[in-house]
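First up is the structure itself, then whatever we jot down about it.
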Amino acid sequence: MRVLIVEDELRLADNLAAALRDGPGFAVDCAADGLAGDEMAGYRCYDLIVLDLMLPKLNGLGLLRRLRARRDPTPVLILTAKEGKAAIIELLNAGADDYLAKPFDLGELMARAKALIRRGKGAAHPTLTALGLEVNTLEQTVQRSGVAVDLSPTEYRILEYLIHHPRRIFSKRELLEHLYDYNWEHHSNVIEAHVSNLRRKLEAAQPGAEPVIETMRGRGYRLAPEPHE
Amino acid sequence: MTRMRKSIAFRLIAAVLAVELTSSLLVAVLSLAYERHIHFRAFDTMLRGRTDSVLGAVQDAEDAEDNVMLDQADLHLPSEDIYEVYDERGRLLGRSPQWPAAADGQSMTALTPAQLTSTPNDSISHAKLLGRHYRLLLRHGSRIVDPDEPGGHKLRKVTVLYGAPTERVWSDIRSAVAFYAAGSILLLAITGPLIAWLLHRGLEPLRQLAALAARVSVNNWQFSPPESARTTAELAPLTEALESVLNRLEEAFVQQRTFVSDAAHELKTAVAVTKSSLQLLTLRKRTAPEYQAGLERCVTDVERLEELVGKMLALARVESGHRNGVSAPSICDIAACLRSAEAELGTIAALRHVDVHIAGQSPSSLLVPLSAEDCSLLVSNLLLNALQHSPPESAVQLRLSLVLVSDGLSVLLTVEDQGEGIEAAALPHVFDRFYRGDASRARSTGGAGLGLAIAKAIVERAGGSIELASVVGKGTKVTVLLPQAQAARSQTPSA
């Protein structure tokens, strides 16, 4: 999952980014003003935008309106230090999904971020299941038919991303965009290597079973259809 | 406990009624005088008529001396009237039957018959006779005796004293005056409530104004005075004053509220940074060096918070002093302040590779009406602001001089940097509290947007002025003009 933080208080942005990378293992990018945030959000590679309200150049509400005007469905979590219900109502009506008042609790912020991403992808429960797989997004653990599978952080992130939409095909480019921030080199063969390792580990957990991840030649990857379909 | 309040309406009604009462008293007095005059004139005319009747009753006595006599047989006069008739020699010819005093020889007047005949004609007198008040008319007449007889034709003079009681006249006068008085009192009784009602109606715009003004509150500054108040000559000044006071109050209130909200925003953000730094450390177990680095970051965050709080308190202190009109009569040397600020901020300047220097021949000592604390706060804020907006390898120039302005000598301080400058649109706001020309940049340099606001508050408190001129891409120049303070008495004034 990849998160965009738009916050002009650089120390706060650093802390948020560190927490989101450390905790849920998200890829995080930061923008220090509204216009930069708008430009980065325009790439549409984010699963969540954490948006401060008081921003230079373009304020948070303006950015939110632009985002929703071009039909960008990315969940938006607002950080605000302003008081008053009216402002919150205005924000939610403008298309915000949630808000947190400063000073906030880092744990709460991460929980809300995870919930928003989950909801954004149509899942209600933090544990996702498909094909005998059970992905616990809170503990970041994976079980196949009751057997724990030990995955590297990147392998886990790929599986988590795929399992949100079991039958959709994800291109390597999309996976790259959503799993890595700008601090990483973009090489699609990185994804290939990780997917290959992931397949091997899932195979080892239940030898002889159908492969979970299918490769659609030239198009990308997807989770295999359920056996009875 | 309600104190008795003075009511304008009550006082107006009382005043009008008092005036009415006075005028009705006046009417009563005047009508008394007038009625008396009219009635007595008629009375006198009547007296004259009756006197003439009496005169007509004087007949030739047909005696040898050709005397006259009073023949009362044909006289029909009111029974209460009294009269006496004398001839020219003062002899009583006759008197009314109701006047029996003749037995005692008492006359109707205290005058002797001789005096009577010499009293001028038509004279009026008053007397209290028989227990009643009489008005007496004295009239001289004449009678020709034997006009047909040859050699006769004698003229006999007669004096008639006729009196009629005045009670009826007085009672007529009294009833007429009583009518006027009653009418006045009735008018008073009618106009009193009428005036009260009219006043109540007339004061309606005032009540409307008060009702609308009472609706104004901290949360609702909307004040639209009623048209009736605006178009009333007496209320228009009050309405305008109310409007302008409310507008100023609202402005001040909104400004204050904006400051509080901005301050809260800044504090919350600073606290959010510190809190998140600490929570980040506790997310998982870390190595000792990681904790070390994290704690150092936390200390930096807390220091920023401390600086922000310090600046807000400084601003509050300077501004509250300004508001209370408390101007400390302290004096300090701005030249020394400038030198120490230059030395103090020298390390920061060196780190940023900015050259800070005092230009020109700076006076060794210049006194300004500021406390040492405020003076160094002012100078260091201006210098720090210039440093924060200076790119590396640029210069900040400080200049201090004594200039002649319209009302005497002033101290002129300029701080000039070669920074990126401020856009014209932002210039009017640079002294606003928490205003940042470019928020992200100012945040990265640690400014809270209070430095210039504090500087302005200090300068204005000392009765000076501060201006900022800027050219984008060239730099910014802050100009401070402060009144020169007179040296304390202990020092001998030089020059």
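A note on labels: chains of the structure tokens are A, B, ... as shown, every chain counts residues from 1, and ligands are counted from 1 in their shown order.
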DSSP helix (DSSP H, G or I) residues within chain A, as a compact mmCIF listing (two decimals) with N, CA and C atoms, in the first residue's frame:
```
# COMPACT_ATOMS: atom_id res chain seq x y z
N LEU A 10 7.35 19.84 8.44
CA LEU A 10 8.19 18.75 7.95
C LEU A 10 8.48 17.71 9.00
N ARG A 11 8.69 18.15 10.24
CA ARG A 11 8.99 17.17 11.30
C ARG A 11 7.81 16.22 11.50
N LEU A 12 6.62 16.77 11.43
CA LEU A 12 5.43 15.94 11.61
C LEU A 12 5.32 14.95 10.44
N ALA A 13 5.56 15.46 9.23
CA ALA A 13 5.48 14.59 8.05
C ALA A 13 6.49 13.46 8.16
N ASP A 14 7.70 13.80 8.63
CA ASP A 14 8.74 12.76 8.80
C ASP A 14 8.29 11.69 9.77
N ASN A 15 7.73 12.15 10.90
CA ASN A 15 7.29 11.19 11.91
C ASN A 15 6.18 10.30 11.39
N LEU A 16 5.22 10.91 10.68
CA LEU A 16 4.11 10.12 10.14
C LEU A 16 4.63 9.09 9.15
N ALA A 17 5.53 9.54 8.27
CA ALA A 17 6.06 8.63 7.26
C ALA A 17 6.79 7.48 7.93
N ALA A 18 7.60 7.80 8.94
CA ALA A 18 8.35 6.74 9.63
C ALA A 18 7.40 5.75 10.28
N ALA A 19 6.33 6.28 10.90
CA ALA A 19 5.39 5.41 11.58
C ALA A 19 4.67 4.50 10.58
N LEU A 20 4.24 5.06 9.45
CA LEU A 20 3.49 4.26 8.47
C LEU A 20 4.39 3.24 7.77
N ARG A 21 5.65 3.58 7.62
CA ARG A 21 6.57 2.60 7.03
C ARG A 21 6.87 1.50 8.03
N ASP A 22 7.13 1.92 9.27
CA ASP A 22 7.51 0.98 10.32
C ASP A 22 6.35 0.06 10.68
N GLY A 34 0.33 22.35 -0.90
CA GLY A 34 -0.88 21.89 -1.57
C GLY A 34 -0.67 21.58 -3.04
N LEU A 35 0.08 22.43 -3.72
CA LEU A 35 0.26 22.22 -5.16
C LEU A 35 1.08 20.95 -5.44
N ALA A 36 2.16 20.76 -4.66
CA ALA A 36 2.96 19.55 -4.84
C ALA A 36 2.11 18.32 -4.54
N GLY A 37 1.30 18.43 -3.47
CA GLY A 37 0.43 17.32 -3.10
C GLY A 37 -0.55 17.00 -4.22
N ASP A 38 -1.08 18.06 -4.84
CA ASP A 38 -2.04 17.87 -5.92
C ASP A 38 -1.39 17.17 -7.10
N GLU A 39 -0.17 17.59 -7.41
CA GLU A 39 0.53 17.00 -8.54
C GLU A 39 0.79 15.51 -8.29
N MET A 40 1.27 15.21 -7.07
CA MET A 40 1.60 13.81 -6.77
C MET A 40 0.34 12.95 -6.72
N ALA A 41 -0.73 13.50 -6.16
CA ALA A 41 -1.98 12.74 -6.11
C ALA A 41 -2.47 12.44 -7.52
N GLY A 60 -5.75 22.51 2.24
CA GLY A 60 -6.20 21.13 2.19
C GLY A 60 -7.57 20.97 1.56
N LEU A 61 -8.48 21.91 1.92
CA LEU A 61 -9.83 21.81 1.38
C LEU A 61 -9.82 21.98 -0.13
N GLY A 62 -8.99 22.92 -0.60
CA GLY A 62 -8.88 23.16 -2.04
C GLY A 62 -8.36 21.92 -2.76
N LEU A 63 -7.35 21.31 -2.17
CA LEU A 63 -6.78 20.10 -2.77
C LEU A 63 -7.81 18.99 -2.83
N LEU A 64 -8.55 18.85 -1.72
CA LEU A 64 -9.58 17.82 -1.65
C LEU A 64 -10.63 18.03 -2.74
N ARG A 65 -11.02 19.30 -2.92
CA ARG A 65 -12.05 19.59 -3.94
C ARG A 65 -11.53 19.26 -5.33
N ARG A 66 -10.26 19.60 -5.60
CA ARG A 66 -9.69 19.29 -6.91
C ARG A 66 -9.69 17.79 -7.15
N LEU A 67 -9.29 17.08 -6.07
CA LEU A 67 -9.19 15.62 -6.14
C LEU A 67 -10.54 15.01 -6.52
N ARG A 68 -11.58 15.46 -5.77
CA ARG A 68 -12.89 14.88 -6.00
C ARG A 68 -13.48 15.36 -7.32
N ALA A 69 -13.07 16.58 -7.75
CA ALA A 69 -13.60 17.10 -9.01
C ALA A 69 -13.15 16.25 -10.18
N LYS A 85 -17.36 22.09 14.71
CA LYS A 85 -18.04 21.03 13.95
C LYS A 85 -18.29 21.46 12.52
N ALA A 86 -18.55 22.77 12.32
CA ALA A 86 -18.92 23.25 10.99
C ALA A 86 -17.81 22.91 9.99
N ALA A 87 -16.56 23.14 10.41
CA ALA A 87 -15.44 22.88 9.51
C ALA A 87 -15.38 21.39 9.17
N ILE A 88 -15.65 20.55 10.16
CA ILE A 88 -15.58 19.10 9.94
C ILE A 88 -16.68 18.65 8.99
N ILE A 89 -17.87 19.23 9.21
CA ILE A 89 -18.99 18.88 8.32
C ILE A 89 -18.66 19.29 6.89
N GLU A 90 -18.10 20.50 6.75
CA GLU A 90 -17.75 20.98 5.42
C GLU A 90 -16.74 20.04 4.76
N LEU A 91 -15.77 19.60 5.56
CA LEU A 91 -14.74 18.70 5.03
C LEU A 91 -15.34 17.39 4.55
N LEU A 92 -16.15 16.80 5.42
CA LEU A 92 -16.72 15.50 5.06
C LEU A 92 -17.62 15.63 3.83
N ASN A 93 -18.36 16.75 3.79
CA ASN A 93 -19.22 16.97 2.63
C ASN A 93 -18.43 17.23 1.36
N LEU A 106 -0.56 8.50 17.40
CA LEU A 106 0.03 7.85 16.22
C LEU A 106 -0.62 6.50 15.95
N GLY A 107 -0.91 5.77 17.04
CA GLY A 107 -1.56 4.46 16.89
C GLY A 107 -2.94 4.59 16.26
N GLU A 108 -3.67 5.61 16.69
CA GLU A 108 -5.01 5.83 16.13
C GLU A 108 -4.90 6.20 14.66
N LEU A 109 -3.91 7.03 14.36
CA LEU A 109 -3.73 7.43 12.97
C LEU A 109 -3.48 6.21 12.09
N MET A 110 -2.62 5.31 12.57
CA MET A 110 -2.30 4.12 11.76
C MET A 110 -3.52 3.24 11.60
N ALA A 111 -4.29 3.08 12.70
CA ALA A 111 -5.49 2.23 12.63
C ALA A 111 -6.49 2.81 11.64
N ARG A 112 -6.67 4.14 11.71
CA ARG A 112 -7.61 4.77 10.79
C ARG A 112 -7.11 4.65 9.34
N ALA A 113 -5.79 4.80 9.17
CA ALA A 113 -5.23 4.69 7.82
C ALA A 113 -5.50 3.31 7.26
N LYS A 114 -5.28 2.29 8.09
CA LYS A 114 -5.52 0.91 7.62
C LYS A 114 -6.99 0.69 7.31
N ALA A 115 -7.85 1.20 8.21
CA ALA A 115 -9.29 1.01 7.99
C ALA A 115 -9.74 1.68 6.70
N LEU A 116 -9.21 2.89 6.44
CA LEU A 116 -9.61 3.61 5.24
C LEU A 116 -9.16 2.89 3.98
N ILE A 117 -7.94 2.33 4.01
CA ILE A 117 -7.45 1.60 2.85
C ILE A 117 -8.31 0.36 2.61
N ARG A 118 -8.60 -0.33 3.73
CA ARG A 118 -9.42 -1.53 3.66
C ARG A 118 -10.78 -1.20 3.03
N ARG A 119 -11.41 -0.16 3.57
CA ARG A 119 -12.72 0.23 3.07
C ARG A 119 -12.65 0.67 1.62
N GLY A 120 -11.55 1.36 1.32
CA GLY A 120 -11.38 1.85 -0.05
C GLY A 120 -11.32 0.70 -1.04
N PRO A 153 8.68 -8.76 4.16
CA PRO A 153 7.73 -7.63 4.11
C PRO A 153 7.22 -7.36 2.70
N THR A 154 8.10 -7.38 1.70
CA THR A 154 7.66 -7.09 0.34
C THR A 154 6.73 -8.17 -0.18
N GLU A 155 7.07 -9.45 0.11
CA GLU A 155 6.21 -10.55 -0.34
C GLU A 155 4.82 -10.42 0.29
N TYR A 156 4.82 -10.08 1.59
CA TYR A 156 3.53 -9.92 2.26
C TYR A 156 2.72 -8.82 1.60
N ARG A 157 3.40 -7.67 1.30
CA ARG A 157 2.68 -6.53 0.72
C ARG A 157 2.07 -6.89 -0.64
N ILE A 158 2.84 -7.69 -1.43
CA ILE A 158 2.30 -8.09 -2.74
C ILE A 158 1.05 -8.94 -2.54
N LEU A 159 1.14 -9.91 -1.64
CA LEU A 159 0.00 -10.79 -1.42
C LEU A 159 -1.21 -10.01 -0.89
N GLU A 160 -0.93 -9.09 0.05
CA GLU A 160 -2.02 -8.30 0.62
C GLU A 160 -2.70 -7.49 -0.48
N TYR A 161 -1.88 -6.93 -1.35
CA TYR A 161 -2.44 -6.10 -2.41
C TYR A 161 -3.31 -6.93 -3.36
N LEU A 162 -2.79 -8.15 -3.70
CA LEU A 162 -3.55 -8.99 -4.63
C LEU A 162 -4.85 -9.49 -4.03
N ILE A 163 -4.82 -9.84 -2.73
CA ILE A 163 -5.97 -10.52 -2.13
C ILE A 163 -7.15 -9.58 -1.91
N LYS A 172 2.48 -5.38 -13.41
CA LYS A 172 3.69 -5.20 -12.60
C LYS A 172 3.87 -3.73 -12.26
N ARG A 173 3.51 -2.90 -13.24
CA ARG A 173 3.67 -1.46 -13.04
C ARG A 173 2.78 -0.98 -11.88
N GLU A 174 1.55 -1.50 -11.87
CA GLU A 174 0.64 -1.08 -10.79
C GLU A 174 1.17 -1.54 -9.44
N LEU A 175 1.65 -2.77 -9.42
CA LEU A 175 2.20 -3.27 -8.16
C LEU A 175 3.38 -2.42 -7.72
N LEU A 176 4.23 -2.09 -8.67
CA LEU A 176 5.39 -1.24 -8.34
C LEU A 176 4.94 0.09 -7.76
N GLU A 177 3.95 0.66 -8.47
CA GLU A 177 3.49 1.99 -8.06
C GLU A 177 2.89 1.99 -6.67
N HIS A 178 2.21 0.89 -6.33
CA HIS A 178 1.49 0.89 -5.07
C HIS A 178 2.30 0.32 -3.91
N LEU A 179 3.42 -0.29 -4.22
CA LEU A 179 4.18 -0.92 -3.13
C LEU A 179 5.48 -0.19 -2.82
N SER A 188 10.88 -3.50 -12.80
CA SER A 188 9.78 -4.47 -12.76
C SER A 188 10.30 -5.87 -12.42
N ASN A 189 11.58 -6.16 -12.69
CA ASN A 189 12.06 -7.50 -12.35
C ASN A 189 12.17 -7.70 -10.84
N VAL A 190 12.17 -6.59 -10.06
CA VAL A 190 12.12 -6.71 -8.61
C VAL A 190 10.83 -7.41 -8.23
N ILE A 191 9.75 -6.99 -8.86
CA ILE A 191 8.45 -7.60 -8.61
C ILE A 191 8.47 -9.07 -8.99
N GLU A 192 9.04 -9.38 -10.16
CA GLU A 192 9.08 -10.77 -10.62
C GLU A 192 9.77 -11.66 -9.59
N ALA A 193 10.91 -11.17 -9.08
CA ALA A 193 11.65 -11.96 -8.11
C ALA A 193 10.85 -12.21 -6.85
N HIS A 194 10.18 -11.13 -6.39
CA HIS A 194 9.40 -11.26 -5.16
C HIS A 194 8.20 -12.19 -5.37
N VAL A 195 7.54 -12.08 -6.52
CA VAL A 195 6.38 -12.94 -6.78
C VAL A 195 6.82 -14.40 -6.84
N SER A 196 7.95 -14.62 -7.44
CA SER A 196 8.46 -15.98 -7.53
C SER A 196 8.73 -16.56 -6.15
N ASN A 197 9.34 -15.77 -5.28
CA ASN A 197 9.59 -16.22 -3.89
C ASN A 197 8.28 -16.47 -3.17
N LEU A 198 7.33 -15.56 -3.38
CA LEU A 198 6.02 -15.68 -2.74
C LEU A 198 5.35 -17.00 -3.14
N ARG A 199 5.38 -17.32 -4.44
CA ARG A 199 4.78 -18.56 -4.95
C ARG A 199 5.42 -19.77 -4.27
N ARG A 200 6.73 -19.71 -4.18
CA ARG A 200 7.46 -20.83 -3.62
C ARG A 200 7.05 -21.05 -2.17
N LYS A 201 6.96 -20.00 -1.40
CA LYS A 201 6.64 -20.13 0.02
C LYS A 201 5.21 -20.62 0.22
N LEU A 202 4.28 -20.12 -0.62
CA LEU A 202 2.88 -20.55 -0.49
C LEU A 202 2.75 -22.02 -0.87
N GLU A 203 3.52 -22.44 -1.88
CA GLU A 203 3.54 -23.83 -2.34
C GLU A 203 4.02 -24.76 -1.22
N ALA A 204 5.08 -24.27 -0.53
CA ALA A 204 5.68 -25.07 0.53
C ALA A 204 4.71 -25.28 1.69
N ALA A 205 3.82 -24.33 1.91
CA ALA A 205 2.89 -24.43 3.03
C ALA A 205 1.85 -25.52 2.78
```
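Distance criterion 6 Å to chain A, applied with only C-alpha atoms, yields B:His265, B:Lys268, B:Val271, B:Ala272, B:Val273, B:Ser276, B:Ser277, B:Leu280, B:Ala439, B:Ser440 on chain B.
Nearest residue to Ala164 of chain B, choosing from B:Leu187, B:Leu278, B:Val309, B:Leu130 and counting only C-alpha atoms: B:Leu130.
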Have a look at atom CA of Ile185 of chain B and atom CA of Leu25 of chain B and let me know their distance in Å, one decimal. 9.6 Å
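Using only C-alpha atoms, the smallest distance between any of B:Gln292, B:Leu47, B:Glu460, B:Leu161 and Ser96 of chain B comes from B:Leu161.
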Computed gap from atom CA of Arg139 of chain B to atom CA of Val160 of chain B is 5.2 Å
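Excluding segment 51-55 of chain B itself and same-chain residues fewer than 6 positions from it, the residues having an atom within 9 Å of it are B:Leu70, B:Asp71, B:Gln72, B:Leu75, B:His76, B:Leu77, B:Tyr83, B:Val85, B:Leu137, B:Leu138, B:Arg139, B:His140, B:Gly141, B:Ser142, B:Arg143, B:Val158, B:Thr159, B:Val160, B:Leu161, B:Tyr162, B:Gly163, counting only C-alpha atoms.
Candidate residues B:Pro392, B:Leu26, B:Ile144, B:Pro193 were compared for distance to Gly56 of chain B, and the nearest is B:Ile144, using only C-alpha atoms.
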Return the single residue from B:Arg50, B:Arg36, B:Arg156, B:Arg41 that is closest to Tyr86 of chain B, with distances computed using only C-alpha atoms. B:Arg156
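Atom CA of Thr22 of chain B lies 15.8 Å from atom CA of Ala178 of chain B.
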Across B:Leu382, B:Ala485, B:Leu198, B:Val472, the smallest distance to Gly421 of chain B, with only C-alpha atoms counted, is shown by B:Val472
Those of segment 6-194 of chain A in DSSP strand (DSSP E or B), formatted as a PyMOL selection string: chain A and resi 6+27-31+48-52+76-80+98-101+127-130+133-136+141-144+147-149+170
